[in-house]
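Enquirer: Quick one: structure below, then a few questions.
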Number of protein chains: 2
Amino acid sequence: MKAEVIVIGDEILIGQTIDTNSAWIGNELSLLGFDIDRKTAIHDKRDSIIKALSDIKATTDIVIISGGLGPTSDDITKPVLCEFFNTTLVRNPDVLTMIETMMARRGWAMNDNNRRQADVPASCTVLTNAVGTAPGMMFRKDNTYFFSLPGVPNEMKHIMIEHIIPWIKLNFSKQVIIHKNIMTYGAGEAILSELLSAFEAGLPPEIKLAYLPSLGIVKLRLTATGTNRDHLEKLIDGQVGILRKTIPDLIFATTEEPFEKVIAGLLTGNRKTLATAESCTGGKIAQMITSIPGSSAYFKGSVIAYSNEIKTSVLGVPLELINKYGAVSREVVESMAENARQLMNADYAVATSGIAGPGGGTEQKPVGLLWVAVASEKATYSEKFIYGNDRNTTISRFSTAALNMLRKHILQDEKDS
Amino acid sequence: MKAEVIVIGDEILIGQTIDTNSAWIGNELSLLGFDIDRKTAIHDKRDSIIKALSDIKATTDIVIISGGLGPTSDDITKPVLCEFFNTTLVRNPDVLTMIETMMARRGWAMNDNNRRQADVPASCTVLTNAVGTAPGMMFRKDNTYFFSLPGVPNEMKHIMIEHIIPWIKLNFSKQVIIHKNIMTYGAGEAILSELLSAFEAGLPPEIKLAYLPSLGIVKLRLTATGTNRDHLEKLIDGQVGILRKTIPDLIFATTEEPFEKVIAGLLTGNRKTLATAESCTGGKIAQMITSIPGSSAYFKGSVIAYSNEIKTSVLGVPLELINKYGAVSREVVESMAENARQLMNADYAVATSGIAGPGGGTEQKPVGLLWVAVASEKATYSEKFIYGNDRNTTISRFSTAALNMLRKHILQDEKDS
């Protein structure tokens with residue numbers, strides 16, 4: 001089963017909007033067993049849309065088109081769809097009623113732009129949109145089904161989830177594709193692939209391995225393809241078991257989840273609480289931790305001590321320590337962690353102090369230098385890291401390094417107790 | 001001048017990696033005056049790569065290919081490029097030396113995977129990569145130039161900036177395309193387009209307007225196309241002037257910049273400092289503020305009071321207030337802002353308390369409810385907002401609403417003084 005994705009919009013082509021829609025769509029279709037053969041981003045111009053639709057291979061089963069259905073005049077998709085599918089626009093009274101009801105509920109006035117959103121090609125099946133004003137549309141041409149959806153992410157997702165995914169499940173028998181992600185931290189792609197060369201050589205033919213590096217994390221993706229789900233699942237689980245034995249220290253999760261989710265599981269499982277004291281990471285660690293629903297159960301809070309003044313006045317770091325060793329030092333970061341743990345009455349505290357750049361570096365303490373401390377009831381651990389990149393990449397790498405250190409210490413405490 | 005972008009990698013197709021590379025490349029080429037005609041993402045398979053390369057139109061001047069050059073075995077681009085450009089792989093001694101030097105500097109051992117990265121097609125021009133081990137390559141076929149780059153974002157950017165952009169500037173005379181972005185907040189796309197209908201009708205033929213909504217912000221993009229840069233710049237500046245008069249309250253910036261950058265300018269310009277006290281936003285506001293280089297000049301710090309305990313113990317919010325009005329209330333959020341301002345000795349403090357969900361909502365205080373307070377020397381202002389979406393979208397909208405409120409009050413104080 002083959003699928004293609006077409007994204008319409010100049011904002012995608014000129015890079016003013018990052019295309020997250022096609023990633024989401026690709027993931028969903030892949031889980032349904034489709035081979036995503038190609039994604040194409042094009043202008044919202046007649047010729048580009050007609051060419052992209054004409055380029056779809058006859059063997060493609062499903063085409064998802066996203067974008068070009070907004071209420072404003074830069075959107076021209078619907079007339080072009082009429083031309084391609086040889087039909088005309090008609091005002092759909094049900095859609096009009098839905099739009100009127102939605103606008104009334106939000107207390108917004110209805111204008112002609114809104115009304116025009118109820119115009120749909122006569123030959124399409126309308127896919128209602130309960131979260132926005134642009135309906136989705138389904139067309140068939142020979143053996144290919146075309147779905148046109150608004151580009152606003154939550155509206156696109158709503159129509160996919162409510163209409164298209166259930167329809168696909170009903171109408172397509174599945175070839176099975178299983179993806180399994182193993183999250184690693186601590187070794188780069190080339191080193192990992194050397195460590196895993198025997199593992200790769202021994203993979204059964206149904207399974208492919210890919211390395212997906214991002215900000216210090218390398219995701220290993222195993223993909224099994226076949227027709228028997230049980231067989232493939234057993235096969236892939238066996239390989240994950242081998243991986244765990246081959247690189248035990250590098251794996252932090254065997255499902256695709258971020259560090260903050262792993263930390264959530266560890267803290268919840270051990271009934272422990274966390275506080276952070278952040279200097280150079282500026283709230284990034286707290287933001288990562290609180291991005292997880294339910295984090296209020298284990299996250300007490302944080303002091304973002306961006307200035308030295310806050311390090312002393314709120315966190316109580318002795319001024320002499322800062323004067324003697326500098327704010328970016330083992331001594332200060334340990335004091336930050338210990339005092340944050342006390343102040344916020346938490347089981348663990350993580351503290352960071354470093355130089356995110358681009359300014360502020362010296363020869364002895366260059367941009368990219370990070371000190372992390374983890375304080376617990378038993379002890380305080382600290383470690384130094386060096387990363388070099390643009391400011392926000394560095395802040396992200398700092399935060400991940402700090403969370404990995406926290407993870408290792410919680411695991412160690414778990415073992416010890 | 002036409003350009004196309006090809007992104008190679010299954011991880012993009014199945015949505016495990018969001019394609020930020022092609023956005024960055026599209027933006028750069030667009031600024032150089034290229035019309036980005038199409039972006040295509042494909043499998044790292046021979047047939048897909050050959051087909052995508054063959055599909056490039058003869059009228060395309062530049063093709064940027066990103067991805068498929070890593071050191072691991074899932075990368076097959078180089079042999080396929082040899083096939084397409086009818087050449088063979090040869091080991092390049094200069095590249096090998098660069099890789100050896102880089103690995104030695106990082107203290108990493110060299111393996112065969114690394115050495116193979118010095119193999120390049122004999123007919124290409126090598127574009128050296130000072131930040132990674134995979135070099136870029138340039139090919140010519142008829143009138144089209146093909147550039148193949150690694151997919152790791154900072155390596156791709158390095159080769160673009162060091163080699164390709166200077167080469168394009170030298171070798172292509174430019175058709176001029178100017179983009180101007182006006183950032184608005186406070187009205188949705190349909191309402192904005194109604195407010196701007198006369199403006200749109202009066203646009204000169206050289207200028208196009210697009211609406212780009214994202215998390216409550218609608219970016220208005222004016223694009224001027226022609227050959228005379230001075231003429232176009234005058235024309236577009238005139239239209240920005242009209243826009244400013246048409247929707248003065250909705251515009252927060254007339255260049256593409258995020259709220260935190262606007263706040264940075266306002267605080268620096270007025271020599272004021274900022275602190276935050278965040279509950280539901282969990283550090284997101286601090287993280288946004290500190291994403292701006294130099295933010296330590298005006299950002300004192302933050303107390304992330306995720307639990308009520310921290311609200312009372314660190315921020316000194318009276319327990320009676322929390323018991324009487326609840327943590328999500330005007331009274332508590334005002335107390336948080338005032339106390340944070342005192343505690344951290346700042347000119348302004350912003351505080352948030354709300355319910356980001358998915359749990360924790362009640363009928364009276366539903367998920368999506370946010371209280372924001374802004375405290376300054378003169379007074380404390382507070383306001384209530386309601387948003388509804390998934391947790392992390394809600395946290396982002398909360399944070400933007402808080403920053404917009406801060407922006408308005410700094411501007412008001414600027415006027416008053």
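FYI, nothing fancy with the structure tokens labels: chains A, B, ... in order, residues from 1 per chain, ligands from 1 as they appear.
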Contacts from chain A to chain B, 6 Å maximum, only C-alpha atoms: show me the residue list as a ChimeraX atom specification.
Expert: /A:13-15,18,23-24,26-27,30,36,38-42,71,74,190,210,282-284,286-287,290,300-307
Enquirer: From a DSSP pass on the backbone, collect the residues of segment 222-413 of chain B flagged as alpha helix (DSSP H) and hand them back as JSON, numbers by chain.
Expert: {"B": [229, 230, 231, 232, 233, 234, 235, 236, 237, 238, 239, 240, 241, 242, 243, 244, 245, 246, 259, 260, 261, 262, 263, 264, 265, 266, 267, 268, 269, 284, 285, 286, 287, 288, 289, 290, 308, 309, 310, 311, 312, 313, 319, 320, 321, 322, 323, 324, 325, 330, 331, 332, 333, 334, 335, 336, 337, 338, 339, 340, 341, 342, 343, 391, 392, 393, 394, 395, 396, 397, 398, 399, 400, 401, 402, 403, 404, 405, 406, 407, 408, 409, 410, 411, 412, 413]}
Enquirer: As a CSV table (one decimal) with N, CA, C and O atoms, in the first residue's frame, please: the residues near segment 376-384 of chain B (cut-off 7 Å, only C-alpha atoms, same-chain neighbours under 4 positions excluded).
Expert:
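Done, and the output landed in part_6.csv:
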```
chain,number,residue,atom,x,y,z
B,330,ARG,N,-7.3,35.7,40.5
B,330,ARG,CA,-6.7,37.0,40.4
B,330,ARG,C,-5.8,37.3,41.6
B,330,ARG,O,-4.7,37.8,41.5
B,334,GLU,N,-1.8,37.9,41.4
B,334,GLU,CA,-1.3,39.3,41.7
B,334,GLU,C,-0.2,39.2,42.9
B,334,GLU,O,0.8,39.9,42.8
B,347,ASP,N,12.2,45.4,38.0
B,347,ASP,CA,11.3,46.5,37.7
B,347,ASP,C,9.9,45.9,37.4
B,347,ASP,O,8.9,46.5,37.7
B,348,TYR,N,9.9,44.8,36.6
B,348,TYR,CA,8.7,44.2,36.2
B,348,TYR,C,8.7,42.8,36.7
B,348,TYR,O,9.7,42.1,36.6
B,349,ALA,N,7.5,42.3,37.0
B,349,ALA,CA,7.4,40.8,37.2
B,349,ALA,C,6.1,40.4,36.5
B,349,ALA,O,5.1,41.0,36.6
B,370,LEU,N,-6.5,30.8,32.4
B,370,LEU,CA,-5.2,31.4,32.8
B,370,LEU,C,-5.4,32.7,33.4
B,370,LEU,O,-6.2,33.5,33.0
B,371,TRP,N,-4.8,32.9,34.6
B,371,TRP,CA,-4.7,34.3,35.2
B,371,TRP,C,-3.2,34.8,35.0
B,371,TRP,O,-2.3,34.0,35.3
B,372,VAL,N,-3.1,36.0,34.5
B,372,VAL,CA,-1.8,36.6,34.4
B,372,VAL,C,-1.8,37.9,35.2
B,372,VAL,O,-2.8,38.6,35.2
```
Enquirer: For segment 108-210 of chain B against segment 85-91 of chain B, with a cut-off of 12 Å and counting only C-alpha atoms, what is the closest atom pair and its distance in Å to one decimal for every residue that makes the cut, ordered by chain and number, as CSV?
Expert:
```
residue,atom,partner,partner_atom,distance
B:Asn114,CA,B:Arg91,CA,11.9
B:Arg115,CA,B:Arg91,CA,8.7
B:Arg116,CA,B:Arg91,CA,7.7
B:Gln117,CA,B:Arg91,CA,8.5
B:Ala118,CA,B:Arg91,CA,5.5
B:Asp119,CA,B:Arg91,CA,4.1
B:Val120,CA,B:Leu89,CA,5.1
B:Pro121,CA,B:Leu89,CA,4.3
B:Ala122,CA,B:Thr88,CA,5.7
B:Ser123,CA,B:Thr87,CA,6.2
B:Cys124,CA,B:Thr87,CA,8.8
B:Val126,CA,B:Arg91,CA,11.5
B:Pro135,CA,B:Arg91,CA,11.9
B:Met137,CA,B:Phe85,CA,11.9
B:Met138,CA,B:Phe85,CA,10.9
B:Phe139,CA,B:Phe85,CA,7.7
B:Arg140,CA,B:Phe85,CA,8.5
B:Lys141,CA,B:Phe85,CA,7.6
B:Asp142,CA,B:Phe85,CA,11.0
B:Tyr145,CA,B:Phe85,CA,11.6
B:Phe146,CA,B:Phe85,CA,10.1
```
Enquirer: So that I can see what lies close to Ile251 of chain B, please list as JSON, numbers by chain the residues with an atom at most 10 Å from it, counting only C-alpha atoms and leaving out residues fewer than 3 positions away in the same chain.
Expert: {"B": [182, 183, 184, 185, 186, 217, 218, 219, 220, 243, 244, 245, 246, 247, 248, 254]}
Enquirer: When DSSP works through the backbone of this structure, what residues of segment 6-253 of chain B end up as strand (DSSP E or B), shown as number ranges by chain?
Expert: B: 6-8, 35-42, 62-66, 89-91, 119-121, 125-127, 136-141, 144-149, 176-185, 207-214, 217-226, 251-253
Enquirer: Mind giving me the straight-line distance from atom CA of Ala373 of chain B to atom CA of Ser335 of chain B in Å, one decimal?
Expert: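 These atoms are spaced 8.6 Å apart.
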Enquirer: For the atom pair atom CA of Val63 of chain B and atom CA of Leu232 of chain B, what is the interatomic distance in Å to one decimal place?
Expert: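 A separation of 27.2 Å between them.
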Enquirer: Can you tell me which residues surround Thr128 of chain A at a distance of at most 10 Å, considering only C-alpha atoms, apart from same-chain residues fewer than 4 positions away, and format the answer as a PyMOL selection string?
Expert: chain A and resi 94-95+98+132-137+158-159+162-163
Enquirer: Which distance in Å separates atom CA of Ala3 of chain B and atom CA of Ile64 of chain B, to one decimal?
Expert: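 It comes out at 7.8 Å.
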